[in-house]
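Notes follow the structure.
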Amino acid sequence: MAQIINITSEALQATIRRLLPSQQGFGEDLQATNVVTPIIDLTPTAEGSSVPSYLQRAWDYSVQVQSATNTIATLTGTAGFYQVDLTMGLGSAPAAASAQVYLSDGLTNRNIWRFTSPSAGSTPTVSVTENTFVVYVDVGNTLYASTTNANLTMDIWLRQIADVSGILTNPLGFNPQ
């Protein structure tokens with residue numbers, strides 16, 4: 001037979017009030033029962049995706065690839081969340097060189113990722129780096145990549161993983177069952 005027990009923990013009550021603000025005025029004590037009740041977590045489906053995030057971020061056929069060598073490349077001006085992967089290679093450079101991925105609102109640039117080679121006179125023969133990160137592009141912002149030297153090449157892969165509201169974008173052609 002099920003037995004119902006009142007729980008009078010202020011810590012648990014405070015957590016309920018914080019997590020469920022609509023229940024703040026509810027004056028009853030929490031209760032527990034000695035009956036095992038199975039719980040099915042529907043949170044991912046209720047949030048709009050039943051796909052784990054590592055699968056949702058998979059590269060697909062929609063991937064955009066850009067290169068930047070001694071130039072500025074526009075990556076995207078469409079608002080949303082983007083997974084960015086880049087490789088950057090530097091051969092011998094007679095002067096200091098830099099590469100960056102940055103956001104711009106048209107007036108101010110904000111670096112998201114940056115590489116700077118050693119100063120002039122200190123010339124490496126080869127330097128290669130790789131990085132993967134997620135960037136949020138707000139409405140009115142543009143994501144750029146640039147390099148400042150002909151011996152510095154950056155290749156950038158870009159895929160939108162969520163829209164501006166945070167609604168996940170599944171890989172192209174994938175339809176969860």
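Order determines the names: the first chain of the structure tokens is A, the second B, and so forth; residues in each chain are numbered 1 upward, and ligands are numbered 1 upward as they are shown.
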When you look at Ala2 of chain A with a cut-off of 9 Å (counting only C-alpha atoms), what residues show up, excluding the ones that are within fewer than 3 positions of it in the same chain? I need them as a PyMOL selection string.
chain A and resi 33-35
Can those selected residues be exported to a file as a CSV table (one decimal), in the first residue's frame so that it contains C-alpha atoms?
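Writing the result to part_34.csv gives the following:
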```csv
chain,number,residue,atom,x,y,z
A,33,THR,CA,5.5,8.3,-1.7
A,34,ASN,CA,7.1,4.9,-1.2
A,35,VAL,CA,5.8,3.7,-4.7
```
Neighbours of Val164 of chain A within 9 Å (only C-alpha atoms; same-chain residues fewer than 3 positions away dropped), as a PyMOL selection string?
chain A and resi 78-81+136-139+167
Could you write out the selected residues, including C-alpha atoms, as an mmCIF file, in the first residue's frame?
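Result file is part-v6.cif:
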```cif
data_model
loop_
_atom_site.group_PDB
_atom_site.id
_atom_site.type_symbol
_atom_site.label_atom_id
_atom_site.label_comp_id
_atom_site.auth_asym_id
_atom_site.auth_seq_id
_atom_site.Cartn_x
_atom_site.Cartn_y
_atom_site.Cartn_z
ATOM 1 C CA THR A 78 22.474 35.795 -41.561
ATOM 2 C CA ALA A 79 21.548 35.870 -37.871
ATOM 3 C CA GLY A 80 21.862 32.622 -35.932
ATOM 4 C CA PHE A 81 24.295 30.226 -34.289
ATOM 5 C CA TYR A 136 26.287 33.732 -32.416
ATOM 6 C CA VAL A 137 25.662 36.257 -35.218
ATOM 7 C CA ASP A 138 23.073 38.802 -34.085
ATOM 8 C CA VAL A 139 20.729 40.675 -36.423
ATOM 9 C CA ILE A 167 15.801 26.620 -32.553
#
```
Given only C-alpha atoms as the basis, pick out the residue of A:Trp59, A:Tyr54, A:Phe133, A:Tyr144 nearest to Ile72 of chain A.
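Smallest distance to Ile72 of chain A is found for A:Tyr144.
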Please extract the residues of chain A with a backbone DSSP assignment of strand (DSSP E or B) and present them as a ChimeraX atom specification.
/A:4-7,30-33,64-69,72-76,80-90,98-104,109-116,127-137,142-147,152-162,168
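Atom CA of Val128 of chain A lies 11.4 Å from atom CA of Asp155 of chain A.
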Between atom CA of Arg18 of chain A and atom CA of Ala32 of chain A, what is the spacing in Å?
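Pair atom CA of Ala32 of chain A / atom CA of Arg18 of chain A returns 19.6 Å.
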For Ala150 of chain A, work out the shell of residues within 10 Å, counting only C-alpha atoms and skipping chain neighbours fewer than 4 positions away, then give it as a VMD selection string.
chain A and resid 68 to 71 90 to 91 93 97
In chain A, what's alpha helix (DSSP H) per DSSP? Answer as a ChimeraX atom specification?
/A:10-19,43-46,53-56
Would you save the residues from that selection as a short mmCIF file (atom, residue, chain, number, x, y, z; two decimals), in the first residue's frame, using N, CA and C atoms?
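Result went into result-v3.cif, see below:
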```cif
data_model
loop_
_atom_site.label_atom_id
_atom_site.label_comp_id
_atom_site.auth_asym_id
_atom_site.auth_seq_id
_atom_site.Cartn_x
_atom_site.Cartn_y
_atom_site.Cartn_z
N GLU A 10 13.24 23.24 3.71
CA GLU A 10 13.21 24.59 3.15
C GLU A 10 14.06 24.68 1.89
N ALA A 11 15.16 23.93 1.83
CA ALA A 11 16.03 23.94 0.64
C ALA A 11 15.26 23.42 -0.58
N LEU A 12 14.52 22.33 -0.41
CA LEU A 12 13.71 21.80 -1.52
C LEU A 12 12.59 22.77 -1.89
N GLN A 13 11.94 23.36 -0.89
CA GLN A 13 10.86 24.32 -1.15
C GLN A 13 11.40 25.52 -1.93
N ALA A 14 12.59 26.02 -1.55
CA ALA A 14 13.20 27.17 -2.23
C ALA A 14 13.53 26.82 -3.68
N THR A 15 14.01 25.61 -3.90
CA THR A 15 14.32 25.19 -5.27
C THR A 15 13.05 25.12 -6.11
N ILE A 16 11.97 24.59 -5.55
CA ILE A 16 10.68 24.54 -6.26
C ILE A 16 10.22 25.96 -6.60
N ARG A 17 10.33 26.88 -5.65
CA ARG A 17 9.91 28.27 -5.90
C ARG A 17 10.76 28.91 -7.00
N ARG A 18 12.07 28.59 -7.02
CA ARG A 18 12.97 29.17 -8.02
C ARG A 18 12.73 28.57 -9.40
N LEU A 19 12.58 27.25 -9.48
CA LEU A 19 12.41 26.58 -10.77
C LEU A 19 11.00 26.68 -11.31
N THR A 43 11.97 16.29 -22.29
CA THR A 43 12.52 17.63 -22.45
C THR A 43 13.10 17.88 -23.84
N PRO A 44 13.99 17.02 -24.38
CA PRO A 44 14.54 17.31 -25.71
C PRO A 44 13.46 17.43 -26.79
N THR A 45 12.47 16.56 -26.75
CA THR A 45 11.40 16.61 -27.74
C THR A 45 10.57 17.87 -27.57
N ALA A 46 10.29 18.24 -26.32
CA ALA A 46 9.53 19.46 -26.06
C ALA A 46 10.30 20.70 -26.50
N SER A 53 22.97 16.82 -29.18
CA SER A 53 23.62 17.99 -29.78
C SER A 53 24.84 17.61 -30.60
N TYR A 54 25.58 16.58 -30.21
CA TYR A 54 26.76 16.21 -30.99
C TYR A 54 26.37 15.68 -32.37
N LEU A 55 25.19 15.06 -32.49
CA LEU A 55 24.71 14.63 -33.82
C LEU A 55 24.11 15.81 -34.58
N GLN A 56 23.45 16.69 -33.86
CA GLN A 56 22.82 17.85 -34.51
C GLN A 56 23.87 18.76 -35.12
#
```
Residue nearest Leu172 of chain A among A:Ser127, A:Ser67, A:Ser62, A:Gln160 (counting only C-alpha atoms)
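Checking each of A:Ser127, A:Ser67, A:Ser62, A:Gln160 against Leu172 of chain A, counting only C-alpha atoms, the winner is A:Ser62.
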Taking only C-alpha atoms into account, which of A:Gly89, A:Met1, A:Ala145, A:Asp163 comes nearest Arg110 of chain A?
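That would be A:Ala145, the residue with the smallest distance to Arg110 of chain A.
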Which residue out of A:Val36, A:Leu20, A:Leu30, A:Leu86 has the minimum interatomic distance to Thr153 of chain A when only C-alpha atoms are used?
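Checking each of A:Val36, A:Leu20, A:Leu30, A:Leu86 against Thr153 of chain A, counting only C-alpha atoms, the winner is A:Leu86.
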If you measure from atom CA of Ser117 of chain A to atom CA of Met154 of chain A, what distance in Å do you get, rounded to one decimal?
13.4 Å
